[in-house]
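Written below as structure tokens is the structure these notes are about.
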Amino acid sequence: MSTGQVYIDERAPVAGAARAGQGHVLWQYASPQRFYALAGRLVPWFMAPALLLTLLGLYVGFFVAPTDHQQGEAYRIIFVHVPAAWLSMVIYLAMAFWAGLGWVLNTRLSSMMARALAPTGALFTFLALWTGALWGKPTWGTWWVWDARLTSELILLFLYIGFMALQAGIDDPRRGDKAGALLALVGVINVPIIYFSVQWWSTLHQGASISFKAAPTMASTMLIGMLLCSLGLWAYAIGIALMRLRCIVLERERGTDWVQRLPEVQRLLPAEVASAKKEST
Amino acid sequence: MWTAFLTVIRREVLLAYRRRADVLTTFFFFLMVSTLFPLGVGPERELLRTMAPGVLWVAALLAAMLSLGRLFALDHADGTLEQLLLTPEPLTVIVAGKVFAHWLVSGLPLVLLAPVLAFQFDLSLDAIQVLALSLLLGTPVLSLIGAIGAALTLGLRGGGVLVALLVLPLYIPVLIFGAGAVGAQSSGLGSSAHLQLLAGVLLAAIVLAPWATGAALRVSLD
């Protein structure tokens, strides 16, 4: 290596530093302040389609889809059960992804997103278990059975609760973020176990009716209803997670100027304090 | 590296020997919980024989969880843990040494006591053999996975309950395979599948858990 040549970028304030303004414009949304505004604009774009698609899917499921020749009318609970179960797994993977990303790249917004996703994921897991029990009673004759899929879904609920409990028990937010990330990543192994449980073990729970390789084994109206409900609940999950993320951002960043100046925060302060703050900013 | 491993084990076992009460309380907890179940359920032998693997395994699980508090908390309180994190030896090796010593002191006595307790439940001899083998394979996994939980909750207010909440979902597969092995043996299906899965889980835990525990310690102590 030659000794004389040193690369100096005149446009960088410090030798060797990255040049300002050279990153992609989308990186600005890694900042809590920027993403707070974006999330606020995005929430209606998710919640309105969520409502419409879910209502449409439920309509198709309850009024349009035919009666099942084996299970009668009781099968119709799958229009809630299957999307909830899919979402419980997808949300866990998303939560583990964002938490891991926040740990590795040290971005606090990613960890805040993981915190925002956890309660929604736990809710969908609980919903899947509950609607599954309601379905199991008329069709299998029992509310619960300890087969591989149900047990691993129950473990998923415990993992969500453990994630939330751990983060609630740690006062330092960054330590809580990293500890939660580790726990979420350790628990990721459970999701493939849930998914493949019906293939690996002989379970009471039925196998996959929908796969990427073969044609689905159910009537097309049933499939359409289920997909509409899935898309609707997925949009709901994203919308509600963004709403929760905004609340978490406000809590975590409450010491910053930009949060203090927000109209929604100003509104909550007593009148004299608010006007005093407005004078000083 | 090997010297570090052995030194850590020697230190842990020596400290546990000096505080024998800590170790023995776990041991007697296992004994008492296993005795509570027949008293609660009734003395019918057929019922006890079917219940035995599950009861003994759950008692071992609870005893393992109770003993986790001793793994890092004492060293954290007097600053030794920070020194261990600063040594040039790989943290994985040090953690593996601590967990192995923890198992020697807390898990192995359970493995040795369980066959004796199994007589209270009227288990057949071959079922007792499978029970001992399943506990021998399973209790190290309990120590390894429990170490991750103990490292994550170091110094937190929640105490033992929080560790239990974190660690029990991860213990459930071990419980299922361990107790299932004995159940399969008793019903004539053969325990080899369950025991092999348990051995697989043990090997995976030996490789991955010390690394995860080390990462958790760094998160907790930074």
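The way I read the labels, and the way they are meant: chains A, B, ... in the order of the structure tokens, residue 1 as the first residue of every chain, and ligand 1 as the first ligand shown, with later ones counted on from there.
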
How close does chain B get to chain A? List, as CSV, each residue of chain B within 9 Å, its nearest atom pair and the distance in Å to one decimal, counting only C-alpha atoms.
residue,atom,partner,partner_atom,distance
B:Ile148,CA,A:Leu183,CA,8.6
B:Gly149,CA,A:Leu183,CA,8.4
B:Leu152,CA,A:Ala179,CA,6.0
B:Thr153,CA,A:Leu166,CA,7.6
B:Leu156,CA,A:Ile170,CA,6.7
B:Arg157,CA,A:Gly169,CA,6.9
B:Gly158,CA,A:Gly169,CA,6.4
B:Leu162,CA,A:Leu166,CA,7.1
B:Val163,CA,A:Leu166,CA,8.8
B:Leu165,CA,A:Gly162,CA,5.8
B:Leu166,CA,A:Gly162,CA,5.0
B:Val167,CA,A:Gly162,CA,8.5
B:Leu168,CA,A:Phe158,CA,8.5
B:Pro169,CA,A:Ile155,CA,5.4
B:Leu170,CA,A:Gly187,CA,7.6
B:Ile172,CA,A:Ile155,CA,7.9
B:Pro173,CA,A:Ser152,CA,8.9
B:Ala212,CA,A:Leu182,CA,7.6
B:Ala215,CA,A:Leu182,CA,8.0
B:Ala216,CA,A:Ala179,CA,6.6
B:Val219,CA,A:Arg175,CA,6.2
B:Ser220,CA,A:Arg175,CA,6.6
B:Leu221,CA,A:Arg175,CA,8.9
B:Asp222,CA,A:Arg175,CA,8.0

Considering only helix (DSSP H, G or I) as DSSP defines it on the backbone, what residues of stretch 22-252 of chain A qualify? List them as a PyMOL selection string. chain A and resi 25-30+32-64+74-105+108-140+148-169+173-187+190-200+220-252

> Near A:Ile238, counting only C-alpha atoms, which residues have an atom at most 10 Å away, once you skip same-chain residues fewer than 4 positions from it, shown as an MDAnalysis selection string?
Replying inline: chainID A and resid 42:43 46:47 50 91 116:117 120 233:234 242:244

Which residues are near B:Leu195? Cut-off 9 Å, only C-alpha atoms, ignore same chain within fewer than 3 positions. Put them as a PyMOL selection string. chain B and resi 130+133-134+137+177-178+181+191-192+198-200

Residues just named, written with C-alpha atoms as a PDB file, in the first residue's frame:
ATOM      1  CA  VAL B 130     -36.407 -44.476  31.246  1.00  0.00           C
ATOM      2  CA  LEU B 133     -32.444 -41.393  31.547  1.00  0.00           C
ATOM      3  CA  SER B 134     -34.965 -38.748  30.494  1.00  0.00           C
ATOM      4  CA  LEU B 137     -30.907 -35.734  29.385  1.00  0.00           C
ATOM      5  CA  PHE B 177     -40.571 -35.220  25.514  1.00  0.00           C
ATOM      6  CA  GLY B 178     -39.268 -36.190  28.940  1.00  0.00           C
ATOM      7  CA  ALA B 181     -40.731 -40.949  27.039  1.00  0.00           C
ATOM      8  CA  SER B 191     -39.232 -44.505  24.442  1.00  0.00           C
ATOM      9  CA  SER B 192     -36.446 -44.216  21.866  1.00  0.00           C
ATOM     10  CA  LEU B 198     -34.583 -34.965  23.979  1.00  0.00           C
ATOM     11  CA  ALA B 199     -30.935 -35.683  23.193  1.00  0.00           C
ATOM     12  CA  GLY B 200     -31.243 -33.489  20.091  1.00  0.00           C
TER      13      GLY B 200
END

Problem set entry | Test item: residues at most 9 Å from B:Thr50, only C-alpha atoms, excluding those fewer than 2 positions along its chain, as a list in words | Arg45, Glu46, Leu47, Leu48, Ala52, Pro53, Gly54, Phe121, Leu123, Gly183 and Ser186 of chain B
